[in-house]
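Student: Input structure.tsv, format and content: TSV, C-alpha atoms.
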```
chain	number	residue	atom	x	y	z
A	1	MET	CA	0.00	0.00	0.00
A	2	LYS	CA	1.42	3.40	-1.00
A	3	CYS	CA	0.58	7.04	-0.28
A	4	SER	CA	-1.82	8.33	-2.95
A	5	LYS	CA	0.10	11.61	-3.11
A	6	CYS	CA	3.84	10.85	-2.83
A	7	GLY	CA	4.09	7.06	-3.15
A	8	SER	CA	5.66	6.52	0.29
A	9	PRO	CA	4.97	3.02	1.67
A	10	LYS	CA	4.65	4.38	5.24
A	11	VAL	CA	0.91	5.07	5.17
A	12	ILE	CA	-0.97	6.15	8.29
A	13	TYR	CA	-4.50	6.94	7.11
A	14	LYS	CA	-7.16	5.60	4.77
A	15	GLN	CA	-9.67	8.34	4.08
A	16	GLU	CA	-12.94	6.52	3.53
A	17	GLN	CA	-14.88	9.46	2.05
A	18	SER	CA	-12.30	10.03	-0.73
A	19	GLY	CA	-10.55	6.65	-0.98
A	20	GLN	CA	-7.15	8.35	-0.51
A	21	ILE	CA	-4.38	6.64	1.44
A	22	LEU	CA	-1.87	9.02	3.02
A	23	CYS	CA	1.56	8.96	4.67
A	24	LYS	CA	2.19	11.10	7.77
A	25	GLU	CA	3.63	14.10	5.94
A	26	CYS	CA	0.92	14.16	3.25
A	27	PHE	CA	-1.82	13.67	5.87
A	28	ILE	CA	-0.58	16.63	7.97
A	29	GLU	CA	-0.26	18.73	4.83
A	30	SER	CA	-3.79	17.78	3.68
A	31	ILE	CA	-5.35	18.84	7.00
A	32	GLU	CA	-3.47	22.14	7.13
A	33	SER	CA	-4.23	23.05	3.53
A	34	LYS	CA	-7.91	22.15	3.94
A	35	VAL	CA	-8.20	24.46	6.97
A	36	ILE	CA	-6.39	27.25	5.11
A	37	LYS	CA	-8.79	26.71	2.19
A	38	THR	CA	-11.80	27.08	4.54
A	39	VAL	CA	-10.26	30.26	6.01
A	40	ARG	CA	-9.89	31.73	2.51
A	41	LYS	CA	-13.19	30.46	1.04
A	42	GLU	CA	-15.26	31.68	3.97
A	43	LYS	CA	-13.15	34.87	4.42
A	44	LEU	CA	-12.65	34.04	8.10
A	45	LEU	CA	-9.64	36.31	8.62
A	46	ASP	CA	-8.84	39.89	7.74
A	47	ARG	CA	-5.32	41.26	7.77
A	48	GLY	CA	-4.64	42.86	11.16
A	49	ASP	CA	-7.22	40.76	13.03
A	50	LYS	CA	-6.49	39.86	16.63
A	51	VAL	CA	-7.97	36.38	16.96
A	52	LEU	CA	-8.82	34.95	20.37
A	53	VAL	CA	-8.70	31.14	20.39
A	54	ALA	CA	-11.05	29.46	22.85
A	55	LEU	CA	-8.38	27.05	24.07
A	56	SER	CA	-9.55	24.15	26.22
A	57	GLY	CA	-6.37	22.12	25.73
A	58	GLY	CA	-8.31	19.44	23.82
A	59	LYS	CA	-7.41	18.27	20.33
A	60	ASP	CA	-9.74	20.64	18.45
A	61	SER	CA	-8.70	23.88	20.11
A	62	VAL	CA	-4.99	22.96	20.10
A	63	THR	CA	-5.22	22.23	16.35
A	64	THR	CA	-7.02	25.55	15.80
A	65	LEU	CA	-4.23	27.39	17.64
A	66	GLU	CA	-1.53	25.46	15.78
A	67	ILE	CA	-2.89	26.17	12.29
A	68	LEU	CA	-3.92	29.78	12.96
A	69	ASN	CA	-0.40	30.33	14.28
A	70	SER	CA	0.86	29.90	10.71
A	71	PHE	CA	-1.10	33.07	9.79
A	72	ARG	CA	0.45	34.78	12.82
A	73	GLU	CA	3.93	33.75	11.71
A	74	MET	CA	3.21	35.37	8.32
A	75	ASN	CA	2.19	38.57	10.20
A	76	VAL	CA	-1.35	38.36	8.83
A	77	ILE	CA	-3.01	38.24	12.25
A	78	ASP	CA	-2.21	38.41	15.95
A	79	LEU	CA	-3.32	35.65	18.33
A	80	CYS	CA	-4.39	35.42	21.96
A	81	ALA	CA	-6.16	32.66	23.87
A	82	VAL	CA	-8.57	32.12	26.72
A	83	THR	CA	-9.30	28.96	28.70
A	84	VAL	CA	-12.52	28.57	30.65
A	85	ASP	CA	-12.38	26.59	33.88
A	86	GLU	CA	-15.97	25.41	34.34
A	87	GLY	CA	-15.20	23.82	37.69
A	88	ILE	CA	-15.41	20.12	36.83
A	89	ALA	CA	-13.37	18.11	39.34
A	90	ASN	CA	-10.84	15.56	38.04
A	91	TYR	CA	-11.32	16.79	34.45
A	92	ARG	CA	-10.64	20.41	33.68
A	93	GLN	CA	-7.31	21.06	35.43
A	94	ASP	CA	-5.26	18.90	33.02
A	95	GLY	CA	-6.67	20.81	30.05
A	96	VAL	CA	-5.96	24.17	31.70
A	97	ASP	CA	-2.31	23.16	32.31
A	98	ILE	CA	-1.88	21.94	28.72
A	99	ALA	CA	-3.46	25.14	27.36
A	100	LYS	CA	-1.03	27.22	29.43
A	101	ARG	CA	1.94	25.28	28.07
A	102	HIS	CA	0.82	25.70	24.43
A	103	ALA	CA	0.31	29.45	24.86
A	104	GLU	CA	3.72	29.74	26.51
A	105	ARG	CA	5.40	27.60	23.82
A	106	ARG	CA	3.99	29.86	21.11
A	107	GLY	CA	4.46	33.09	23.09
A	108	ILE	CA	0.75	33.90	22.96
A	109	GLU	CA	-1.12	36.14	25.43
A	110	HIS	CA	-3.32	33.77	27.47
A	111	ARG	CA	-5.94	34.07	30.22
A	112	VAL	CA	-7.67	31.48	32.36
A	113	VAL	CA	-11.16	32.52	33.46
A	114	SER	CA	-13.48	30.54	35.69
A	115	LEU	CA	-17.20	30.16	36.28
A	116	LYS	CA	-16.50	30.37	40.00
A	117	GLU	CA	-14.77	33.75	39.71
A	118	ASP	CA	-17.23	35.23	37.22
A	119	TYR	CA	-20.50	33.78	38.54
A	120	GLY	CA	-19.68	32.46	42.01
A	121	ILE	CA	-20.65	28.88	41.17
A	122	THR	CA	-18.98	25.88	39.51
A	123	LEU	CA	-20.62	23.46	37.08
A	124	ASP	CA	-20.20	20.68	39.65
A	125	GLU	CA	-22.11	22.79	42.20
A	126	ILE	CA	-24.89	23.46	39.67
A	127	MET	CA	-25.20	19.74	38.94
A	128	GLN	CA	-25.66	19.00	42.64
A	129	ARG	CA	-28.79	21.15	42.72
A	130	PRO	CA	-31.98	19.05	42.85
A	131	LYS	CA	-33.49	20.95	39.90
A	132	HIS	CA	-31.30	21.85	36.95
A	133	ARG	CA	-31.50	22.08	33.16
A	134	GLY	CA	-28.65	19.70	32.33
A	135	SER	CA	-24.92	20.43	32.31
A	136	CYS	CA	-24.48	21.37	28.64
A	137	THR	CA	-27.21	24.04	28.78
A	138	TYR	CA	-25.40	25.98	31.53
A	139	CYS	CA	-21.89	25.24	30.29
A	140	GLY	CA	-22.66	26.43	26.74
A	141	VAL	CA	-24.32	29.69	27.82
A	142	PHE	CA	-21.83	30.61	30.57
A	143	ARG	CA	-18.80	29.70	28.47
A	144	ARG	CA	-20.05	31.73	25.50
A	145	THR	CA	-20.66	34.78	27.68
A	146	ILE	CA	-17.29	34.54	29.46
A	147	ILE	CA	-15.35	34.04	26.20
A	148	ASN	CA	-17.11	36.98	24.58
A	149	LYS	CA	-16.29	39.20	27.57
A	150	ALA	CA	-12.64	38.09	27.50
A	151	ALA	CA	-12.48	38.86	23.76
A	152	ARG	CA	-13.64	42.43	24.40
A	153	GLU	CA	-11.22	42.89	27.28
A	154	MET	CA	-8.28	41.52	25.29
A	155	GLY	CA	-9.12	43.62	22.22
A	156	ALA	CA	-9.85	40.64	19.97
A	157	THR	CA	-11.64	41.19	16.67
A	158	LYS	CA	-12.54	37.51	16.14
A	159	ILE	CA	-13.13	34.46	18.34
A	160	ALA	CA	-11.94	31.15	16.86
A	161	THR	CA	-13.44	27.94	18.21
A	162	GLY	CA	-12.41	24.35	17.50
A	163	HIS	CA	-15.79	23.19	16.12
A	164	ASN	CA	-15.16	20.34	13.69
A	165	LEU	CA	-17.28	18.67	11.00
A	166	ASP	CA	-18.88	16.29	13.52
A	167	ASP	CA	-19.84	19.20	15.81
A	168	GLU	CA	-21.44	21.10	12.94
A	169	VAL	CA	-23.40	18.12	11.65
A	170	GLN	CA	-24.59	17.32	15.19
A	171	ALA	CA	-25.75	20.94	15.61
A	172	ILE	CA	-27.64	20.88	12.29
A	173	MET	CA	-29.40	17.61	13.17
A	174	MET	CA	-30.08	18.58	16.81
A	175	ASN	CA	-31.71	21.87	15.85
A	176	TYR	CA	-33.72	20.16	13.14
A	177	LEU	CA	-34.86	17.32	15.42
A	178	GLU	CA	-35.81	19.79	18.16
A	179	GLY	CA	-37.65	22.00	15.67
A	180	ASN	CA	-35.39	24.91	16.67
A	181	THR	CA	-35.55	26.74	13.33
A	182	ASN	CA	-34.20	29.98	14.79
A	183	ASN	CA	-30.96	28.37	15.99
A	184	LEU	CA	-30.77	26.45	12.72
A	185	THR	CA	-30.32	29.76	10.88
A	186	LYS	CA	-27.33	30.76	13.00
A	187	LEU	CA	-24.89	27.97	12.16
A	188	GLY	CA	-21.98	28.54	9.83
A	189	ALA	CA	-18.25	29.09	9.44
A	190	LYS	CA	-18.59	32.70	10.54
A	191	THR	CA	-21.27	34.15	12.78
A	192	GLU	CA	-21.78	37.84	13.21
A	193	SER	CA	-24.24	39.74	15.37
A	194	ASP	CA	-25.82	43.16	14.96
A	195	ALA	CA	-24.74	43.97	18.52
A	196	GLU	CA	-21.14	45.12	18.32
A	197	GLU	CA	-20.40	43.79	21.82
A	198	PHE	CA	-20.64	40.28	20.36
A	199	THR	CA	-17.31	39.51	18.72
A	200	VAL	CA	-17.45	37.70	15.34
A	201	LYS	CA	-16.99	33.93	15.74
A	202	ILE	CA	-15.14	31.73	13.28
A	203	LYS	CA	-14.78	27.95	12.94
A	204	PRO	CA	-11.65	27.13	10.87
A	205	LEU	CA	-11.94	23.33	11.45
A	206	ARG	CA	-15.56	23.12	10.34
A	207	GLU	CA	-14.79	20.83	7.39
A	208	ILE	CA	-12.41	18.46	9.18
A	209	PRO	CA	-13.88	15.25	10.67
A	210	GLU	CA	-13.20	14.80	14.39
A	211	ARG	CA	-11.24	11.59	13.82
A	212	GLU	CA	-8.84	13.35	11.42
A	213	ILE	CA	-8.13	16.04	14.03
A	214	GLY	CA	-7.31	13.28	16.53
A	215	ILE	CA	-4.89	11.67	14.09
A	216	TYR	CA	-3.38	15.10	13.26
A	217	VAL	CA	-2.44	15.84	16.89
A	218	VAL	CA	-0.95	12.35	17.34
A	219	ALA	CA	0.96	12.65	14.03
A	220	LYS	CA	2.31	16.08	15.01
A	221	GLU	CA	2.99	14.88	18.58
A	222	LEU	CA	1.06	17.81	20.05
A	223	GLU	CA	0.30	17.59	23.75
A	224	VAL	CA	-3.49	17.52	24.18
A	225	HIS	CA	-6.01	16.63	26.85
A	226	PHE	CA	-7.59	13.37	25.66
A	227	ASP	CA	-10.41	12.75	28.11
A	228	SER	CA	-14.16	12.70	28.34
A	229	CYS	CA	-16.20	15.36	30.07
A	230	PRO	CA	-17.96	13.44	32.88
A	231	TYR	CA	-21.24	15.08	31.90
A	232	ALA	CA	-20.98	14.36	28.14
A	233	MET	CA	-23.12	11.25	27.95
A	234	GLN	CA	-26.04	12.92	29.67
A	235	SER	CA	-26.52	15.12	26.64
A	236	PHE	CA	-28.85	14.98	23.65
A	237	ARG	CA	-25.78	15.83	21.55
A	238	GLY	CA	-24.21	12.53	22.67
A	239	GLU	CA	-27.24	10.59	21.44
A	240	VAL	CA	-27.34	12.41	18.09
A	241	SER	CA	-23.60	11.91	17.64
A	242	GLU	CA	-23.96	8.16	18.17
A	243	LEU	CA	-26.71	7.93	15.53
A	244	ILE	CA	-24.74	9.92	12.93
A	245	ASN	CA	-21.62	7.81	13.52
A	246	GLN	CA	-23.64	4.62	13.07
A	247	LEU	CA	-24.91	5.90	9.71
A	248	ASN	CA	-21.41	7.05	8.76
A	249	GLU	CA	-20.07	3.48	8.95
A	250	LYS	CA	-22.06	2.47	5.86
A	251	HIS	CA	-22.27	5.94	4.30
A	252	PRO	CA	-18.84	7.60	4.75
A	253	THR	CA	-19.79	10.84	2.97
A	254	ILE	CA	-22.92	11.49	5.03
A	255	LYS	CA	-21.36	14.17	7.27
A	256	TYR	CA	-20.21	16.22	4.29
A	257	SER	CA	-23.52	15.78	2.46
A	258	THR	CA	-25.44	16.93	5.57
A	259	LEU	CA	-23.24	20.04	5.79
A	260	ARG	CA	-23.54	20.77	2.05
A	261	GLY	CA	-27.31	20.27	2.14
A	262	TYR	CA	-27.57	22.69	5.05
A	263	GLU	CA	-25.45	25.27	3.20
A	264	LYS	CA	-27.87	25.09	0.25
A	265	ILE	CA	-30.98	25.81	2.32
A	266	LYS	CA	-29.40	28.17	4.84
A	267	ALA	CA	-30.12	31.43	3.00
A	268	ALA	CA	-33.76	30.45	2.47
A	269	ILE	CA	-34.40	29.47	6.08
A	270	LYS	CA	-32.57	32.56	7.31
A	271	ASP	CA	-34.97	34.82	5.37
A	272	GLU	CA	-38.00	32.88	6.58
A	273	MET	CA	-37.16	31.82	10.10
A	274	GLN	CA	-34.66	34.12	11.80
A	275	ASN	CA	-36.14	36.09	14.70
A	276	ASP	CA	-35.66	39.79	14.63
A	277	TYR	CA	-34.34	40.61	18.07
A	278	ALA	CA	-34.89	43.92	19.76
A	279	HIS	CA	-31.52	45.23	20.87
A	280	GLY	CA	-31.79	45.84	24.58
A	281	ARG	CA	-29.56	45.38	27.60
A	282	CYS	CA	-29.62	42.86	30.40
A	283	SER	CA	-30.83	44.70	33.51
A	284	ARG	CA	-28.50	42.64	35.71
A	285	CYS	CA	-25.15	42.58	33.86
A	286	GLY	CA	-25.54	45.15	31.06
A	287	GLU	CA	-24.68	42.70	28.26
A	288	PRO	CA	-26.75	42.91	25.03
A	289	SER	CA	-30.01	41.01	25.44
A	290	SER	CA	-33.37	40.77	23.73
A	291	ASN	CA	-35.08	40.17	27.08
A	292	GLU	CA	-34.88	41.94	30.43
A	293	LEU	CA	-32.29	39.38	31.54
A	294	CYS	CA	-29.68	37.78	29.28
A	295	LYS	CA	-29.62	33.97	29.17
A	296	ALA	CA	-26.69	33.70	31.62
A	297	CYS	CA	-28.33	36.00	34.18
A	298	SER	CA	-31.72	34.30	33.87
A	299	PHE	CA	-29.98	31.00	34.74
A	300	LEU	CA	-28.19	32.66	37.67
A	301	GLU	CA	-31.51	34.02	38.99
A	302	GLU	CA	-33.06	30.56	38.69
A	303	LEU	CA	-30.11	29.10	40.61
A	304	GLY	CA	-30.39	31.82	43.23
A	305	VAL	CA	-26.81	33.00	42.70
B	1	MET	CA	5.25	-15.66	19.30
B	2	THR	CA	4.18	-12.63	21.32
B	3	PHE	CA	3.75	-8.86	20.99
B	4	THR	CA	3.32	-6.08	23.55
B	5	LEU	CA	0.07	-4.16	23.83
B	6	LYS	CA	-0.07	-0.70	25.38
B	7	TYR	CA	-3.50	0.85	25.86
B	8	LYS	CA	-4.33	3.34	28.63
B	9	ASP	CA	-3.04	1.67	31.84
B	10	LEU	CA	-2.60	-1.69	30.10
B	11	ASN	CA	0.93	-2.86	29.25
B	12	GLU	CA	0.97	-6.59	28.57
B	13	LYS	CA	2.46	-9.34	26.42
B	14	ARG	CA	-0.08	-11.11	24.21
B	15	GLU	CA	0.09	-14.21	22.05
B	16	LEU	CA	0.02	-13.75	18.27
B	17	PRO	CA	-2.84	-16.08	17.24
B	18	ASN	CA	-1.72	-16.40	13.60
B	19	GLU	CA	0.66	-15.01	10.97
B	20	ASP	CA	-1.90	-12.66	9.40
B	21	TYR	CA	-3.10	-11.13	12.63
B	22	THR	CA	-3.76	-7.41	11.98
B	23	ILE	CA	-4.35	-4.41	14.22
B	24	LYS	CA	-7.96	-4.51	13.01
B	25	ASP	CA	-8.24	-8.08	14.40
B	26	LEU	CA	-6.81	-6.85	17.69
B	27	LEU	CA	-9.29	-3.95	17.85
B	28	ASP	CA	-12.16	-6.37	17.18
B	29	GLU	CA	-10.92	-8.65	19.94
B	30	LEU	CA	-10.75	-5.71	22.36
B	31	GLU	CA	-14.16	-4.47	21.11
B	32	LEU	CA	-12.67	-1.10	20.22
B	33	SER	CA	-13.78	0.98	17.23
B	34	ALA	CA	-11.18	2.03	14.67
B	35	GLN	CA	-13.14	5.29	14.57
B	36	THR	CA	-12.10	6.24	18.10
B	37	VAL	CA	-8.51	4.97	18.40
B	38	VAL	CA	-5.29	5.35	16.41
B	39	SER	CA	-2.61	2.69	16.34
B	40	LYS	CA	1.16	2.85	16.60
B	41	GLN	CA	3.49	-0.01	15.69
B	42	ASN	CA	6.87	0.36	17.36
B	43	GLY	CA	6.22	4.08	17.86
B	44	GLU	CA	5.09	4.80	14.26
B	45	LEU	CA	1.50	5.59	13.30
B	46	VAL	CA	0.06	2.83	11.09
B	47	ILE	CA	-3.27	1.89	9.48
B	48	GLU	CA	-5.45	-0.86	10.95
B	49	ASP	CA	-4.70	-3.29	8.07
B	50	THR	CA	-1.10	-3.58	9.34
B	51	VAL	CA	-0.04	-7.14	10.22
B	52	ILE	CA	1.41	-7.45	13.74
B	53	GLN	CA	4.89	-9.05	13.82
B	54	GLU	CA	6.60	-10.97	16.60
B	55	ASP	CA	8.01	-8.68	19.35
B	56	ASP	CA	6.11	-5.64	18.03
B	57	GLU	CA	5.02	-2.98	20.47
B	58	ILE	CA	1.46	-1.97	19.58
B	59	GLN	CA	0.16	1.18	21.21
B	60	LEU	CA	-3.49	2.20	20.93
B	61	VAL	CA	-4.39	5.85	21.58
B	62	GLN	CA	-8.01	6.80	22.15
B	63	ILE	CA	-8.61	10.05	20.27
B	64	ILE	CA	-12.39	10.45	20.52
B	65	TYR	CA	-14.17	10.58	23.85
B	66	GLY	CA	-17.16	12.83	23.34
B	67	GLY	CA	-17.87	15.96	25.33
```
How does the structure come out when it is put into structure tokens?

Tutor:
Amino acid sequence: MKCSKCGSPKVIYKQEQSGQILCKECFIESIESKVIKTVRKEKLLDRGDKVLVALSGGKDSVTTLEILNSFREMNVIDLCAVTVDEGIANYRQDGVDIAKRHAERRGIEHRVVSLKEDYGITLDEIMQRPKHRGSCTYCGVFRRTIINKAAREMGATKIATGHNLDDEVQAIMMNYLEGNTNNLTKLGAKTESDAEEFTVKIKPLREIPEREIGIYVVAKELEVHFDSCPYAMQSFRGEVSELINQLNEKHPTIKYSTLRGYEKIKAAIKDEMQNDYAHGRCSRCGEPSSNELCKACSFLEELGV
Amino acid sequence: MTFTLKYKDLNEKRELPNEDYTIKDLLDELELSAQTVVSKQNGELVIEDTVIQEDDEIQLVQIIYGG
């Protein structure tokens, strides 16, 4: 068996969706050039941008930092990073330490922010409450708010997240299955808001399958936090992910076709379905909000924090 | 005829059942999905069709956990 690109016999990956077989060097090159292609095609970066990477220390965010750093080395953009400590015992600290080491290795401005410091409560404490909405609901909202605040404070013009192809396809299917047409209109490689306090978000890894990112970090010998969030399997996302992966075994192009199909109908559903939000302020924290309280503060009120 | 298997906390010598025993066969035996682990043979990344040789060190790295 030989590499489809260079003929080397030392192959490491058989790409089922394309039939290509790749050696280590060609595999690494194929991932990096595909991400760069997404960045260019979707116009994710502008010269002079300061991009904040949401850096958990996991494979996706470390890969995002690694590849975006090539734009930094060409003086196209500047980079900084933030790590959110949600307060999950025996899980988060390893990721925080790894994130710190990557930022230091690359000489990148880095901050660690925590739910405890910002909101006075950890995710573990929330999950001990008798009535709660499920870990991912709180984690997603609080993390988004904290990262957006950090981006403003650090002067970032874009926020880059490590969302991969699997994440995007799960989000499309979850919103569809839940009938959440408003959220369905908001997915994409780049999301902008009318409120200028919300920094533009970009997803450079959106077209890379999760498995390929895992192989990339092992091939490049990047230190990453390989572990499972203890709350992951309680989520609807976990169930949807399992279903999609089952289908993918017999239909290896299904993730790409789901993404492409969504791209084709996105403009139409955006015109028809997107809510027109009134631009107000949260009465508790002052962040932009369409209601009296923003989502994060309404959760905090519910929790009595 | 044996090889060494390293996976998480596991580090053990195993018998090679036959001459054509591949990493894919090993993954099936361990009930692991090739979608969630990558394999190294003597420190080098390899595909699952690779035949395991006597005295090989096979390391399996779980790359997908969810969450």

Student: With a distance cut-off of 9 Å and only C-alpha atoms, select the neighbouring residues of Asp167 (chain A), excluding the residue or stretch itself and same-chain residues fewer than 6 positions from it, and output the selection as a PyMOL selection string.

Tutor: chain A and resi 206+209-210+237+241

Student: What lies within 12 Å of region 303-305 of chain A using all atoms listed in the file, ignoring chain neighbours under 5 positions off, as a VMD selection string?

Tutor: chain A and resid 115 to 116 118 to 123 125 to 133 138 296 to 298

Student: For chain A, list the residues within 10 Å of chain B, counting only C-alpha atoms, and write the list as a PyMOL selection string.

Tutor: chain A and resi 1+10-14+21-24+59+136+210-215+217-219+224-235+237-238+241-242+245+249

Student: Leaving out Ile58 (chain B) and any residue of its chain fewer than 4 positions from it, which residues lie within 9 Å of it when counting only C-alpha atoms, given as a PDB file with C-alpha atoms, keeping the file's coordinate frame?

Tutor:
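Final file, selection.pdb:
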```
ATOM      1  CA  PHE B   3       3.750  -8.860  20.990  1.00  0.00           C
ATOM      2  CA  THR B   4       3.320  -6.080  23.550  1.00  0.00           C
ATOM      3  CA  LEU B   5       0.070  -4.160  23.830  1.00  0.00           C
ATOM      4  CA  LYS B   6      -0.070  -0.700  25.380  1.00  0.00           C
ATOM      5  CA  TYR B   7      -3.500   0.850  25.860  1.00  0.00           C
ATOM      6  CA  ILE B  23      -4.350  -4.410  14.220  1.00  0.00           C
ATOM      7  CA  SER B  39      -2.610   2.690  16.340  1.00  0.00           C
ATOM      8  CA  LYS B  40       1.160   2.850  16.600  1.00  0.00           C
ATOM      9  CA  GLN B  41       3.490  -0.010  15.690  1.00  0.00           C
ATOM     10  CA  ASN B  42       6.870   0.360  17.360  1.00  0.00           C
ATOM     11  CA  GLY B  43       6.220   4.080  17.860  1.00  0.00           C
ATOM     12  CA  ILE B  52       1.410  -7.450  13.740  1.00  0.00           C
TER      13      ILE B  52
END
```

Student: Please give the centre and size of the box around region 34-37 of chain B (axis-aligned, containing every atom listed in the file, 3 Å added per side), with values in Å to one decimal and written as AutoDock Vina command-line options.

Tutor:
```
--center_x -10.8 --center_y 4.1 --center_z 16.5 --size_x 10.6 --size_y 10.2 --size_z 9.8
```

Student: What does the structure give for the distance between CA of Glu73 (chain A) and CA of Leu44 (chain A), in Å to one decimal?

Tutor: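 These atoms are spaced 17.0 Å apart.
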
Student: In Å, with one decimal, what is the gap from CA of Val200 (chain A) to CA of Lys158 (chain A)?

Tutor: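 One can read the CA of Val200 (chain A) to CA of Lys158 (chain A) distance as 5.0 Å.
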
Student: List the neighbours of Val82 (chain A) out to 8 Å using only C-alpha atoms; skip same-chain residues closer than 6 positions along the sequence, and give me the result as a list in words.

Tutor: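 Within the cut-off, the hits are Leu52, Val53, Ala54, Leu55, His110, Arg111, Val112, Val113, Ile147 and Ala150 of chain A.
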
Student: Taking C-alpha atoms for each residue, export the selection above as a compact mmCIF listing (two decimals), in the frame of the given file.

Tutor:
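Heads up, here's the output in part_31.txt:
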```txt
# COMPACT_ATOMS: atom_id res chain seq x y z
CA LEU A 52 -8.82 34.95 20.37
CA VAL A 53 -8.70 31.14 20.39
CA ALA A 54 -11.05 29.46 22.85
CA LEU A 55 -8.38 27.05 24.07
CA HIS A 110 -3.32 33.77 27.47
CA ARG A 111 -5.94 34.07 30.22
CA VAL A 112 -7.67 31.48 32.36
CA VAL A 113 -11.16 32.52 33.46
CA ILE A 147 -15.35 34.04 26.20
CA ALA A 150 -12.64 38.09 27.50
```

Student: Pull the neighbourhood of (5.2, -9.6, 15.3) for me: all residues within 8 Å in file coordinates, counting only C-alpha atoms, as a list of chain:residue names.

Tutor: B:Met1, B:Thr2, B:Phe3, B:Leu16, B:Val51, B:Ile52, B:Gln53, B:Glu54, B:Asp55, B:Asp56

Student: Go ahead and write the selection's residues with C-alpha atoms as a short mmCIF file (atom, residue, chain, number, x, y, z; two decimals), in the frame of the given file.

Tutor:
```
data_model
loop_
_atom_site.label_atom_id
_atom_site.label_comp_id
_atom_site.auth_asym_id
_atom_site.auth_seq_id
_atom_site.Cartn_x
_atom_site.Cartn_y
_atom_site.Cartn_z
CA MET B 1 5.25 -15.66 19.30
CA THR B 2 4.18 -12.63 21.32
CA PHE B 3 3.75 -8.86 20.99
CA LEU B 16 0.02 -13.75 18.27
CA VAL B 51 -0.04 -7.14 10.22
CA ILE B 52 1.41 -7.45 13.74
CA GLN B 53 4.89 -9.05 13.82
CA GLU B 54 6.60 -10.97 16.60
CA ASP B 55 8.01 -8.68 19.35
CA ASP B 56 6.11 -5.64 18.03
#
```

Student: What separation in Å, quoted to one decimal, exists between CA of Ser18 (chain A) and CA of Thr253 (chain A)?

Tutor: 8.4 Å

Student: With all atoms listed in the file as the basis for distance, which of A:Ala151, A:Met74, A:Ala156, A:Val62 is at the shortest distance from Val96 (chain A)?

Tutor: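 Ranked by minimum distance to Val96 (chain A), first place goes to A:Val62.
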
Student: Report as a ChimeraX atom specification all protein, DNA and RNA residues lying within 12 Å of Asn164 (chain A), evaluated on all atoms listed in the file, omitting residues in the same chain fewer than 2 positions from it.

Tutor: /A:31,35,38,59-61,63-64,160-162,166-171,188-189,202-214,255-256,259

Student: Find the residue from B:Glu12, B:Lys24, B:Leu30, B:Glu19 that sits nearest to Glu57 (chain B); use all atoms listed in the file when measuring.

Tutor: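 Smallest distance to Glu57 (chain B) is found for B:Glu12.
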
Student: For a cutoff of 10 Å around the file-coordinate point (-36.8, 35.4, 14.2), which residues qualify once you count all atoms listed in the file? I'd like the result as JSON, numbers by chain.

Tutor: {"A": [181, 182, 183, 185, 270, 271, 272, 273, 274, 275, 276, 277]}

Student: Out of A:Asn175, A:Gln15, A:Ser289, A:Ser4, which residue has the shortest atom-to-atom distance to Val240 (chain A) when counting only C-alpha atoms?

Tutor: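 Comparing A:Asn175, A:Gln15, A:Ser289, A:Ser4 against Val240 (chain A), the winner is A:Asn175.
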
Student: Would you mind completing region 9-19 of chain B so that it carries N, CA and C atoms, and writing it out as a compact mmCIF listing (two decimals), in the frame of the given file?

Tutor:
```txt
# COMPACT_ATOMS: atom_id res chain seq x y z
N ASP B 9 -3.91 2.18 30.78
CA ASP B 9 -3.04 1.67 31.84
C ASP B 9 -2.51 0.26 31.55
N LEU B 10 -2.97 -0.31 30.45
CA LEU B 10 -2.60 -1.69 30.10
C LEU B 10 -1.21 -1.73 29.44
N ASN B 11 -0.37 -2.66 29.89
CA ASN B 11 0.93 -2.86 29.25
C ASN B 11 1.23 -4.35 29.41
N GLU B 12 0.89 -5.14 28.38
CA GLU B 12 0.97 -6.59 28.57
C GLU B 12 1.47 -7.31 27.33
N LYS B 13 2.04 -8.49 27.54
CA LYS B 13 2.46 -9.34 26.42
C LYS B 13 1.26 -10.18 26.02
N ARG B 14 1.04 -10.30 24.70
CA ARG B 14 -0.08 -11.11 24.21
C ARG B 14 0.43 -12.09 23.17
N GLU B 15 -0.25 -13.20 23.07
CA GLU B 15 0.09 -14.21 22.05
C GLU B 15 -0.35 -13.75 20.67
N LEU B 16 0.45 -14.01 19.66
CA LEU B 16 0.02 -13.75 18.27
C LEU B 16 -0.75 -14.99 17.80
N PRO B 17 -2.06 -14.89 17.56
CA PRO B 17 -2.84 -16.08 17.24
C PRO B 17 -2.49 -16.69 15.87
N ASN B 18 -2.11 -15.87 14.91
CA ASN B 18 -1.72 -16.40 13.60
C ASN B 18 -0.80 -15.42 12.87
N GLU B 19 -0.33 -15.83 11.69
CA GLU B 19 0.66 -15.01 10.97
C GLU B 19 0.06 -13.76 10.34
```
